[in-house]
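With mmCIF, C-alpha atoms inside, this is query-v1.cif:
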```
data_entry
#
loop_
_atom_site.label_atom_id
_atom_site.label_comp_id
_atom_site.auth_asym_id
_atom_site.auth_seq_id
_atom_site.Cartn_x
_atom_site.Cartn_y
_atom_site.Cartn_z
CA MET A 1 0.00 0.00 0.00
CA ALA A 2 1.35 3.46 -0.93
CA THR A 3 2.30 5.70 1.95
CA GLN A 4 1.13 9.29 2.40
CA ASN A 5 3.51 12.12 1.52
CA VAL A 6 4.48 15.03 3.69
CA LEU A 7 4.81 18.49 2.11
CA VAL A 8 7.86 20.57 2.94
CA ASP A 9 8.56 24.18 2.02
CA GLU A 10 11.64 24.56 -0.19
CA THR A 11 13.41 27.20 1.89
CA LYS A 12 12.71 25.47 5.21
CA LEU A 13 13.88 22.15 3.80
CA HIS A 14 17.08 23.75 2.53
CA ASP A 15 17.78 25.26 5.95
CA PHE A 16 17.15 21.93 7.69
CA VAL A 17 19.52 20.12 5.32
CA VAL A 18 22.20 22.77 5.95
CA ASP A 19 21.72 22.25 9.69
CA ILE A 20 22.16 18.48 9.31
CA PHE A 21 25.44 18.64 7.42
CA ARG A 22 26.80 21.50 9.48
CA ALA A 23 26.06 19.46 12.61
CA ALA A 24 27.77 16.49 10.95
CA GLY A 25 30.98 18.50 10.60
CA SER A 26 30.76 20.24 7.22
CA SER A 27 31.80 23.85 6.72
CA GLU A 28 29.05 26.37 6.02
CA ARG A 29 29.93 26.40 2.32
CA GLU A 30 29.95 22.62 2.04
CA ALA A 31 26.66 22.23 3.88
CA SER A 32 25.06 24.91 1.68
CA LEU A 33 26.24 23.32 -1.59
CA ILE A 34 25.00 19.89 -0.51
CA ALA A 35 21.62 21.32 0.51
CA GLN A 36 21.29 23.35 -2.70
CA HIS A 37 21.88 20.26 -4.82
CA LEU A 38 19.68 17.83 -2.88
CA VAL A 39 16.71 20.20 -2.60
CA ALA A 40 17.01 21.18 -6.28
CA SER A 41 16.80 17.49 -7.19
CA ASN A 42 13.55 17.17 -5.25
CA LEU A 43 12.22 20.37 -6.79
CA ARG A 44 12.73 18.96 -10.27
CA GLY A 45 10.98 15.73 -9.39
CA HIS A 46 14.10 13.58 -9.07
CA ASP A 47 13.44 12.49 -5.50
CA SER A 48 15.85 9.59 -6.03
CA HIS A 49 18.77 12.05 -5.90
CA GLY A 50 17.31 14.47 -3.35
CA VAL A 51 17.09 14.69 0.40
CA GLY A 52 16.28 10.99 0.66
CA SER A 53 20.04 10.46 0.19
CA ILE A 54 20.80 12.08 3.57
CA PRO A 55 20.60 8.91 5.73
CA VAL A 56 23.03 7.11 3.42
CA TYR A 57 25.42 10.06 3.41
CA ILE A 58 25.40 10.28 7.20
CA ARG A 59 26.00 6.53 7.47
CA ASN A 60 28.92 6.72 5.04
CA LEU A 61 30.36 9.72 6.90
CA LYS A 62 30.20 7.94 10.24
CA CYS A 63 32.02 4.87 8.99
CA GLY A 64 34.74 6.91 7.27
CA ASP A 65 33.77 6.05 3.68
CA LEU A 66 32.81 9.68 3.02
CA LEU A 67 35.08 12.53 4.11
CA ALA A 68 33.90 16.03 5.00
CA ASN A 69 35.58 19.29 3.98
CA GLN A 70 37.77 17.86 1.23
CA VAL A 71 39.38 20.03 -1.45
CA LEU A 72 39.87 19.05 -5.08
CA SER A 73 43.38 17.92 -5.95
CA ARG A 74 44.55 19.15 -9.35
CA VAL A 75 46.41 16.17 -10.80
CA ASN A 76 47.15 17.28 -14.37
CA GLU A 77 46.20 20.64 -15.86
CA THR A 78 46.64 22.80 -18.95
CA ASP A 79 44.74 25.81 -20.25
CA SER A 80 42.03 23.59 -21.70
CA PHE A 81 41.85 20.47 -19.52
CA LEU A 82 42.03 19.36 -15.91
CA ILE A 83 42.18 15.96 -14.28
CA CYS A 84 41.23 16.32 -10.61
CA ASP A 85 40.68 14.02 -7.65
CA GLY A 86 37.75 14.39 -5.26
CA ASN A 87 39.57 12.61 -2.42
CA GLY A 88 36.39 10.82 -1.35
CA GLY A 89 34.66 14.11 -0.48
CA TYR A 90 31.05 15.15 -1.00
CA GLY A 91 30.32 14.98 -4.72
CA GLN A 92 28.02 17.98 -4.51
CA VAL A 93 31.11 20.06 -3.67
CA MET A 94 33.70 18.24 -5.78
CA ALA A 95 31.61 18.37 -8.98
CA HIS A 96 30.56 21.98 -8.37
CA ASP A 97 34.15 23.11 -7.99
CA ALA A 98 35.34 21.03 -10.95
CA MET A 99 32.65 22.61 -13.14
CA GLU A 100 33.56 26.11 -11.96
CA ILE A 101 37.14 25.49 -13.11
CA GLY A 102 35.88 24.04 -16.39
CA ILE A 103 33.55 26.97 -17.00
CA ALA A 104 36.40 29.45 -16.62
CA LYS A 105 38.60 27.43 -18.96
CA ALA A 106 35.88 27.06 -21.62
CA GLN A 107 35.00 30.75 -21.50
CA GLU A 108 38.68 31.60 -21.96
CA ASN A 109 39.71 28.95 -24.48
CA GLY A 110 36.46 27.89 -26.15
CA VAL A 111 36.47 24.32 -24.88
CA ALA A 112 37.44 22.48 -21.71
CA LEU A 113 37.73 18.84 -20.78
CA ILE A 114 37.34 18.10 -17.06
CA GLY A 115 37.98 14.70 -15.52
CA LEU A 116 36.80 14.25 -11.93
CA ARG A 117 37.74 10.99 -10.25
CA ASN A 118 37.37 9.44 -6.80
CA SER A 119 34.46 11.60 -5.70
CA HIS A 120 31.70 10.47 -3.39
CA HIS A 121 28.24 10.41 -5.03
CA VAL A 122 27.93 13.46 -7.31
CA GLY A 123 24.12 13.28 -7.30
CA ARG A 124 21.89 14.36 -10.18
CA ILE A 125 24.12 14.85 -13.23
CA GLY A 126 21.66 17.28 -14.80
CA HIS A 127 22.58 19.70 -12.01
CA TRP A 128 26.08 20.03 -13.49
CA ALA A 129 24.69 20.44 -17.00
CA GLU A 130 22.48 23.23 -15.60
CA GLN A 131 25.48 24.86 -13.93
CA CYS A 132 27.30 24.96 -17.28
CA ALA A 133 24.21 26.10 -19.21
CA ASP A 134 23.71 28.96 -16.74
CA ALA A 135 27.21 30.11 -17.77
CA GLY A 136 26.24 29.95 -21.46
CA LEU A 137 28.05 26.69 -22.16
CA VAL A 138 27.08 23.44 -23.83
CA SER A 139 28.21 20.43 -21.81
CA ILE A 140 28.37 16.64 -22.10
CA HIS A 141 28.90 14.38 -19.08
CA PHE A 142 29.84 10.69 -18.84
CA VAL A 143 29.67 9.19 -15.33
CA ASN A 144 30.53 5.78 -13.90
CA VAL A 145 29.38 4.36 -10.57
CA VAL A 146 31.53 2.19 -8.32
CA SER A 147 29.29 0.67 -5.66
CA ASP A 148 27.59 -2.68 -5.26
CA PRO A 149 26.95 -3.47 -8.95
CA SER A 150 23.24 -3.26 -9.66
CA VAL A 151 22.83 -3.50 -13.45
CA ALA A 152 23.34 -6.47 -15.74
CA PRO A 153 24.95 -6.07 -19.17
CA PHE A 154 22.64 -6.69 -22.11
CA GLY A 155 22.35 -10.45 -22.45
CA GLY A 156 23.57 -11.09 -18.90
CA VAL A 157 21.74 -12.02 -15.72
CA ALA A 158 24.39 -10.96 -13.19
CA ALA A 159 24.91 -7.36 -12.00
CA ARG A 160 28.25 -6.05 -13.23
CA VAL A 161 27.96 -2.24 -13.44
CA GLY A 162 26.19 0.67 -11.79
CA THR A 163 23.54 2.90 -13.31
CA ASN A 164 26.20 4.97 -15.13
CA PRO A 165 24.35 8.21 -15.99
CA PHE A 166 24.80 10.47 -19.03
CA ALA A 167 23.82 14.11 -19.43
CA VAL A 168 23.84 16.94 -21.97
CA GLY A 169 23.06 20.61 -21.36
CA ILE A 170 22.41 23.22 -24.09
CA PRO A 171 21.68 26.89 -23.21
CA ARG A 172 18.92 28.90 -24.91
CA ASP A 173 18.61 32.67 -25.00
CA GLY A 174 15.73 33.82 -22.81
CA LYS A 175 14.46 30.29 -22.27
CA LEU A 176 15.21 27.39 -19.99
CA PRO A 177 18.11 25.26 -21.23
CA VAL A 178 17.69 21.86 -22.80
CA ILE A 179 18.80 19.35 -20.14
CA LEU A 180 19.05 15.68 -21.05
CA ASP A 181 19.90 13.50 -18.04
CA PHE A 182 19.30 9.79 -17.57
CA ALA A 183 20.68 6.62 -16.07
CA THR A 184 21.72 3.96 -18.56
CA SER A 185 19.68 1.44 -16.57
CA LYS A 186 15.89 1.35 -17.00
CA LEU A 187 15.59 2.91 -13.54
CA ALA A 188 18.04 4.60 -11.18
CA VAL A 189 18.62 2.77 -7.90
CA GLY A 190 17.29 5.79 -6.00
CA LYS A 191 14.03 5.70 -7.97
CA VAL A 192 13.60 2.05 -6.98
CA ARG A 193 14.21 3.04 -3.34
CA VAL A 194 11.56 5.78 -3.58
CA ALA A 195 9.06 3.32 -5.08
CA MET A 196 9.78 0.85 -2.26
CA ASN A 197 9.28 3.53 0.40
CA GLN A 198 6.02 4.60 -1.25
CA GLY A 199 4.78 1.04 -1.55
CA LYS A 200 4.50 1.26 -5.35
CA PRO A 201 5.35 -1.45 -7.91
CA LEU A 202 7.93 -0.92 -10.64
CA PRO A 203 7.03 -0.98 -14.33
CA PRO A 204 7.47 -4.44 -15.87
CA GLY A 205 10.77 -5.19 -17.56
CA ALA A 206 13.04 -3.11 -15.33
CA LEU A 207 14.07 -5.56 -12.60
CA LEU A 208 14.96 -9.22 -12.17
CA THR A 209 15.19 -11.29 -9.03
CA ALA A 210 18.59 -12.70 -8.08
CA ALA A 211 17.46 -15.89 -9.82
CA GLY A 212 16.88 -13.96 -13.07
CA GLU A 213 13.07 -13.90 -12.91
CA PRO A 214 11.15 -10.71 -13.87
CA THR A 215 9.59 -8.84 -10.94
CA THR A 216 7.88 -5.52 -10.23
CA ASP A 217 8.65 -5.62 -6.47
CA PRO A 218 11.17 -2.81 -5.75
CA SER A 219 12.27 -4.36 -2.44
CA VAL A 220 13.90 -7.18 -4.42
CA LEU A 221 16.73 -4.84 -5.43
CA PHE A 222 17.67 -4.35 -1.78
CA GLY A 223 17.21 -7.95 -0.63
CA GLN A 224 19.76 -10.64 0.03
CA PRO A 225 20.65 -11.80 -2.53
CA LYS A 226 20.02 -8.57 -4.43
CA GLY A 227 17.87 -8.17 -7.49
CA ILE A 228 19.24 -6.97 -10.81
CA LEU A 229 18.33 -3.91 -12.89
CA LEU A 230 18.37 -4.08 -16.69
CA PRO A 231 19.85 -1.53 -19.12
CA PHE A 232 17.43 0.69 -21.01
CA GLY A 233 17.10 0.06 -24.73
CA ASP A 234 18.76 -3.35 -24.53
CA HIS A 235 22.13 -3.22 -26.36
CA LYS A 236 21.94 0.57 -26.84
CA GLY A 237 21.71 1.41 -23.16
CA TRP A 238 24.35 -1.17 -22.36
CA GLY A 239 26.67 0.30 -24.99
CA LEU A 240 26.28 3.81 -23.55
CA SER A 241 26.83 2.44 -20.03
CA PHE A 242 30.02 0.78 -21.25
CA ALA A 243 31.19 4.10 -22.71
CA CYS A 244 30.42 5.90 -19.43
CA GLU A 245 32.53 3.36 -17.56
CA LEU A 246 35.53 3.77 -19.84
CA LEU A 247 35.33 7.51 -20.49
CA GLY A 248 34.15 8.57 -17.03
CA ALA A 249 36.63 6.42 -15.12
CA ALA A 250 39.33 4.68 -17.16
CA LEU A 251 40.20 7.76 -19.23
CA THR A 252 40.35 10.04 -16.17
CA GLY A 253 42.58 7.66 -14.20
CA GLY A 254 39.71 6.57 -11.97
CA LYS A 255 38.52 3.12 -10.99
CA THR A 256 36.03 1.11 -13.03
CA GLN A 257 33.58 -1.31 -11.46
CA SER A 258 35.47 -4.58 -11.29
CA GLY A 259 33.91 -6.48 -8.39
CA PRO A 260 31.69 -6.12 -5.32
CA LYS A 261 32.41 -2.93 -3.42
CA ARG A 262 34.42 -3.09 -0.22
CA ARG A 263 33.18 0.21 1.17
CA ASN A 264 29.77 1.70 1.94
CA SER A 265 30.32 4.71 -0.29
CA THR A 266 29.22 5.25 -3.87
CA ILE A 267 32.21 6.57 -5.81
CA ASN A 268 31.73 8.45 -9.07
CA CYS A 269 34.10 9.49 -11.81
CA MET A 270 32.92 12.00 -14.41
CA LEU A 271 34.30 13.17 -17.74
CA SER A 272 32.80 16.53 -18.76
CA ILE A 273 33.24 18.33 -22.07
CA LEU A 274 32.37 22.04 -21.94
CA ILE A 275 31.96 24.11 -25.13
CA SER A 276 31.52 27.87 -25.51
CA PRO A 277 29.17 28.75 -28.41
CA GLU A 278 30.42 32.32 -28.12
CA ARG A 279 34.05 31.33 -28.71
CA LEU A 280 32.91 28.88 -31.38
CA GLY A 281 31.27 31.77 -33.23
CA THR A 282 27.80 30.22 -33.16
CA ALA A 283 26.23 31.94 -30.15
CA ASP A 284 24.03 34.15 -32.34
CA THR A 285 22.65 31.24 -34.35
CA LEU A 286 22.36 28.50 -31.73
CA SER A 287 19.16 29.62 -29.99
CA PRO A 288 17.29 30.64 -33.18
CA GLU A 289 18.13 27.29 -34.77
CA ILE A 290 16.98 25.46 -31.64
CA ASP A 291 13.70 27.43 -31.80
CA THR A 292 13.28 26.49 -35.47
CA PHE A 293 13.84 22.83 -34.71
CA VAL A 294 11.51 22.87 -31.71
CA GLY A 295 8.78 24.42 -33.86
CA TRP A 296 9.27 21.67 -36.42
CA VAL A 297 9.11 18.76 -33.96
CA ARG A 298 6.00 20.24 -32.36
CA SER A 299 4.26 20.87 -35.70
CA GLY A 300 2.95 17.34 -36.07
CA GLY A 301 -0.38 18.14 -34.46
CA ASN A 302 0.48 16.61 -31.10
CA ALA A 303 0.62 19.20 -28.34
CA GLU A 304 2.14 16.64 -25.97
CA VAL A 305 5.62 16.66 -27.55
CA LEU A 306 8.02 17.47 -24.70
CA LEU A 307 11.61 18.64 -24.74
CA PRO A 308 14.25 17.32 -22.36
CA GLY A 309 13.78 19.38 -19.21
CA ASP A 310 10.10 20.32 -19.75
CA VAL A 311 8.80 17.91 -17.10
CA GLU A 312 11.40 19.13 -14.60
CA ALA A 313 10.44 22.77 -15.24
CA ALA A 314 6.75 22.07 -14.66
CA THR A 315 7.51 20.03 -11.55
CA THR A 316 9.71 22.79 -10.14
CA LYS A 317 6.89 25.33 -10.48
CA GLU A 318 4.37 22.96 -8.89
CA ARG A 319 6.62 22.17 -5.94
CA ARG A 320 7.65 25.76 -5.37
CA ASP A 321 3.99 26.73 -5.24
CA HIS A 322 2.69 23.85 -3.13
CA GLY A 323 5.64 22.31 -1.30
CA ILE A 324 7.99 19.39 -1.92
CA PRO A 325 6.36 15.99 -1.33
CA ILE A 326 8.45 13.46 0.57
CA ASP A 327 7.15 10.01 1.39
CA ALA A 328 6.60 9.41 5.10
CA LYS A 329 9.24 6.66 5.36
CA SER A 330 11.95 8.82 3.76
CA TRP A 331 10.98 11.80 5.93
CA SER A 332 11.21 9.72 9.09
CA ASP A 333 14.64 8.43 8.02
CA ILE A 334 15.85 11.98 7.26
CA VAL A 335 14.70 13.29 10.65
CA THR A 336 16.34 10.33 12.40
CA ALA A 337 19.62 10.93 10.57
CA GLY A 338 19.47 14.60 11.52
CA ARG A 339 18.90 13.78 15.17
CA GLU A 340 21.84 11.37 15.13
CA VAL A 341 24.16 14.31 14.40
CA GLY A 342 22.28 16.79 16.60
CA ALA A 343 20.03 18.59 14.11
CA GLU A 344 16.31 18.95 14.81
CA PRO A 345 13.73 20.13 12.26
CA LEU A 346 11.82 23.26 13.17
CA SER A 347 8.23 22.56 14.15
CA SER A 348 7.11 24.86 11.32
CA ILE A 349 9.04 23.06 8.59
CA LEU A 350 6.05 21.25 7.06
CA GLU A 351 3.58 22.98 4.80
CA PRO A 352 0.08 23.66 6.19
CA GLY A 353 -2.19 20.77 5.39
CA ALA A 354 0.56 18.15 5.62
CA PRO A 355 -0.55 14.91 7.26
CA ALA A 356 -0.84 15.33 11.03
CA HIS A 357 1.19 12.22 11.73
CA ALA A 358 4.08 13.73 9.74
CA ARG A 359 4.20 16.87 11.89
CA SER A 360 5.26 14.77 14.85
CA ALA A 361 7.99 12.95 12.89
#
```
Translate the structure of the given file into structure tokens.
Amino acid sequence: MATQNVLVDETKLHDFVVDIFRAAGSSEREASLIAQHLVASNLRGHDSHGVGSIPVYIRNLKCGDLLANQVLSRVNETDSFLICDGNGGYGQVMAHDAMEIGIAKAQENGVALIGLRNSHHVGRIGHWAEQCADAGLVSIHFVNVVSDPSVAPFGGVAARVGTNPFAVGIPRDGKLPVILDFATSKLAVGKVRVAMNQGKPLPPGALLTAAGEPTTDPSVLFGQPKGILLPFGDHKGWGLSFACELLGAALTGGKTQSGPKRRNSTINCMLSILISPERLGTADTLSPEIDTFVGWVRSGGNAEVLLPGDVEAATTKERRDHGIPIDAKSWSDIVTAGREVGAEPLSSILEPGAPAHARSA
């Protein structure tokens, strides 16, 4: 049976998340960057990469598999590229700082290639595409995941890789950017966790039991032995996942997934390519040509044609107006994790009309 959501105001949720990570030992800047990223993920409807990650982060921090207040190490750098190491620090900080360096390089030189390795979970990859698009840059991101493998290769029935996401961001003058962001598995692990917490089944064809039998029960993925996710698009999703593994990790000097993990943390490596349309000499034509193409694809008489990022934009408006829904199980886990480090939610944090039982969580 599905559980009832609580509704949380964006600003109050952000402040509570800052309090949690500050109490857990993060600097003010680190806590703010983590909160900004997690809450933005919820705002855009990607609850799998939002504040529901907090209990896992606090667990990983306590056991030493995630390190607070780390600084990027610059391993190899020229005017147009940088290989950097996240030193096992919060990915929300490591990726932000890596993109800031890349943005400056691309704006100066026209293009930048940024390799980030050995970072704790970098979260929603579309966030980094948005960061680049806000600076007027096109960006492409290949990411690998080193954790307990959760996804089988096409044709296989044993988990061998993570969900290995891919993202592209393209800025548009006076309009929201085009943001393409997806896992190369049929579902991200976090989305399966959210479905389990909400008591909802998965769509058919996304998950197998450990014995290789199809199932729609999300709890199977977290059982012992664990279930197995499948790649999207059969051989196509698997091929892109394979590329993310090699480009995101092997090319940047990071570690690929090569066995069961020996730590609690999820480690990401990310290869990002940043391009300046202005330096390329196409800034004046990019947005008009995008508009022309959008008009064409929407001219087929179907008003339901959506662009990458349209759903996220509509969800952001809805949640800013009415509050961010969080399932009751996730909210209870977040509050418990906060209390473990000495952070308590304000009694006024929930939106009016939220379920009464949630107010006492």
* Report as number ranges by chain the full result of the PyMOL selection byres ((chain A and resi 207-221) around 12) when it is applied to this structure. => A: 148-152, 155-159, 185-206, 222-232
* Could you tell me, as a PyMOL selection string, which residues have any atom at most 10 Å from (17.5, 12.0, -10.1), counting only C-alpha atoms? -> chain A and resi 38+40-42+44-50+123-127+165+181-183+187-191
So that I have them on file, write out the residues from the current selection with C-alpha atoms, as a PDB file, in the frame of the given file.
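Full text of result07.pdb as output:
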```pdb
ATOM      1  CA  LEU A  38      19.680  17.830  -2.880  1.00  0.00           C
ATOM      2  CA  ALA A  40      17.010  21.180  -6.280  1.00  0.00           C
ATOM      3  CA  SER A  41      16.800  17.490  -7.190  1.00  0.00           C
ATOM      4  CA  ASN A  42      13.550  17.170  -5.250  1.00  0.00           C
ATOM      5  CA  ARG A  44      12.730  18.960 -10.270  1.00  0.00           C
ATOM      6  CA  GLY A  45      10.980  15.730  -9.390  1.00  0.00           C
ATOM      7  CA  HIS A  46      14.100  13.580  -9.070  1.00  0.00           C
ATOM      8  CA  ASP A  47      13.440  12.490  -5.500  1.00  0.00           C
ATOM      9  CA  SER A  48      15.850   9.590  -6.030  1.00  0.00           C
ATOM     10  CA  HIS A  49      18.770  12.050  -5.900  1.00  0.00           C
ATOM     11  CA  GLY A  50      17.310  14.470  -3.350  1.00  0.00           C
ATOM     12  CA  GLY A 123      24.120  13.280  -7.300  1.00  0.00           C
ATOM     13  CA  ARG A 124      21.890  14.360 -10.180  1.00  0.00           C
ATOM     14  CA  ILE A 125      24.120  14.850 -13.230  1.00  0.00           C
ATOM     15  CA  GLY A 126      21.660  17.280 -14.800  1.00  0.00           C
ATOM     16  CA  HIS A 127      22.580  19.700 -12.010  1.00  0.00           C
ATOM     17  CA  PRO A 165      24.350   8.210 -15.990  1.00  0.00           C
ATOM     18  CA  ASP A 181      19.900  13.500 -18.040  1.00  0.00           C
ATOM     19  CA  PHE A 182      19.300   9.790 -17.570  1.00  0.00           C
ATOM     20  CA  ALA A 183      20.680   6.620 -16.070  1.00  0.00           C
ATOM     21  CA  LEU A 187      15.590   2.910 -13.540  1.00  0.00           C
ATOM     22  CA  ALA A 188      18.040   4.600 -11.180  1.00  0.00           C
ATOM     23  CA  VAL A 189      18.620   2.770  -7.900  1.00  0.00           C
ATOM     24  CA  GLY A 190      17.290   5.790  -6.000  1.00  0.00           C
ATOM     25  CA  LYS A 191      14.030   5.700  -7.970  1.00  0.00           C
TER      26      LYS A 191
END
```
* Between A:Arg74, A:Arg172, A:Arg279, A:His120, which is the closest to Gln107 in chain A once you count all atoms listed in the file? -> A:Arg279
* Considering all atoms listed in the file, return as a ChimeraX atom specification whatever protein or nucleic-acid residues lie within 9 Å of Leu72 in chain A, sequence-local ones (same chain, fewer than 2 positions apart) excluded. => /A:70,74,84-87,89,93-94,97-98,116
Give as an mmCIF file with C-alpha atoms, in the frame of the given file the residues that the PyMOL selection byres ((chain A and resi 6-20) around 7) matches when applied to the coordinates above.
```cif
data_model
loop_
_atom_site.group_PDB
_atom_site.id
_atom_site.type_symbol
_atom_site.label_atom_id
_atom_site.label_comp_id
_atom_site.auth_asym_id
_atom_site.auth_seq_id
_atom_site.Cartn_x
_atom_site.Cartn_y
_atom_site.Cartn_z
ATOM 1 C CA GLN A 4 1.130 9.290 2.400
ATOM 2 C CA ASN A 5 3.510 12.120 1.520
ATOM 3 C CA PHE A 21 25.440 18.640 7.420
ATOM 4 C CA ARG A 22 26.800 21.500 9.480
ATOM 5 C CA ALA A 23 26.060 19.460 12.610
ATOM 6 C CA ALA A 24 27.770 16.490 10.950
ATOM 7 C CA ALA A 31 26.660 22.230 3.880
ATOM 8 C CA SER A 32 25.060 24.910 1.680
ATOM 9 C CA ALA A 35 21.620 21.320 0.510
ATOM 10 C CA GLN A 36 21.290 23.350 -2.700
ATOM 11 C CA VAL A 39 16.710 20.200 -2.600
ATOM 12 C CA ARG A 320 7.650 25.760 -5.370
ATOM 13 C CA GLY A 323 5.640 22.310 -1.300
ATOM 14 C CA ILE A 324 7.990 19.390 -1.920
ATOM 15 C CA PRO A 325 6.360 15.990 -1.330
ATOM 16 C CA ILE A 326 8.450 13.460 0.570
ATOM 17 C CA ASP A 327 7.150 10.010 1.390
ATOM 18 C CA ALA A 328 6.600 9.410 5.100
ATOM 19 C CA GLY A 338 19.470 14.600 11.520
ATOM 20 C CA VAL A 341 24.160 14.310 14.400
ATOM 21 C CA ALA A 343 20.030 18.590 14.110
ATOM 22 C CA PRO A 345 13.730 20.130 12.260
ATOM 23 C CA ILE A 349 9.040 23.060 8.590
ATOM 24 C CA LEU A 350 6.050 21.250 7.060
ATOM 25 C CA GLU A 351 3.580 22.980 4.800
ATOM 26 C CA ALA A 354 0.560 18.150 5.620
ATOM 27 C CA PRO A 355 -0.550 14.910 7.260
ATOM 28 C CA ALA A 358 4.080 13.730 9.740
#
```
* Of the residues A:Ile273, A:Val168, A:Val146, A:Ala337, which is the one nearest to Ser80 in chain A, using only C-alpha atoms? -> A:Ile273
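For the atom pair formed by CA of Ala313 in chain A and CA of Ser272 in chain A, the distance is 23.5 Å, given to one decimal.
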* Selection result of the PyMOL selection byres ((chain A and resi 246-257) around 6) on this file, as a list in words -> Gly115, Arg117, Phe142, Val143, Asn144, Val146, Ala243, Cys244, Glu245, Ser258, Cys269, Met270 and Leu271 of chain A
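Picture a line from CA of Lys317 in chain A to CA of Pro277 in chain A; it runs 28.8 Å.
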* Measuring atom to atom with only C-alpha atoms, identify which of A:Leu274, A:Tyr57, A:Gly237, A:Val71 is nearest to Ala129 in chain A. => A:Leu274
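For the choices A:Thr292, A:Thr316, A:Thr285, A:Thr163, the atom-to-atom distance to Asn268 in chain A is smallest for A:Thr163 when using all atoms listed in the file.
Atom to atom, CA of His37 in chain A and CA of Ser330 in chain A stand 17.4 Å apart.
Take the candidates A:Asn69, A:Asn164, A:Ser299, A:Thr336 and check each one against Ser27 in chain A using only C-alpha atoms; the shortest distance goes to A:Asn69.
Take the candidates A:Asn76, A:Tyr90, A:Ser53, A:Ile275 and check each one against Ala112 in chain A using only C-alpha atoms; the shortest distance goes to A:Ile275.
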* **Residue neighbourhood range 64-68 of chain A, 6 Å, all atoms listed in the file, exclusion window fewer than 3 positions, as a list in words** => Ser26, Asn60, Leu61, Gly88, Gly89 and Ser265 of chain A
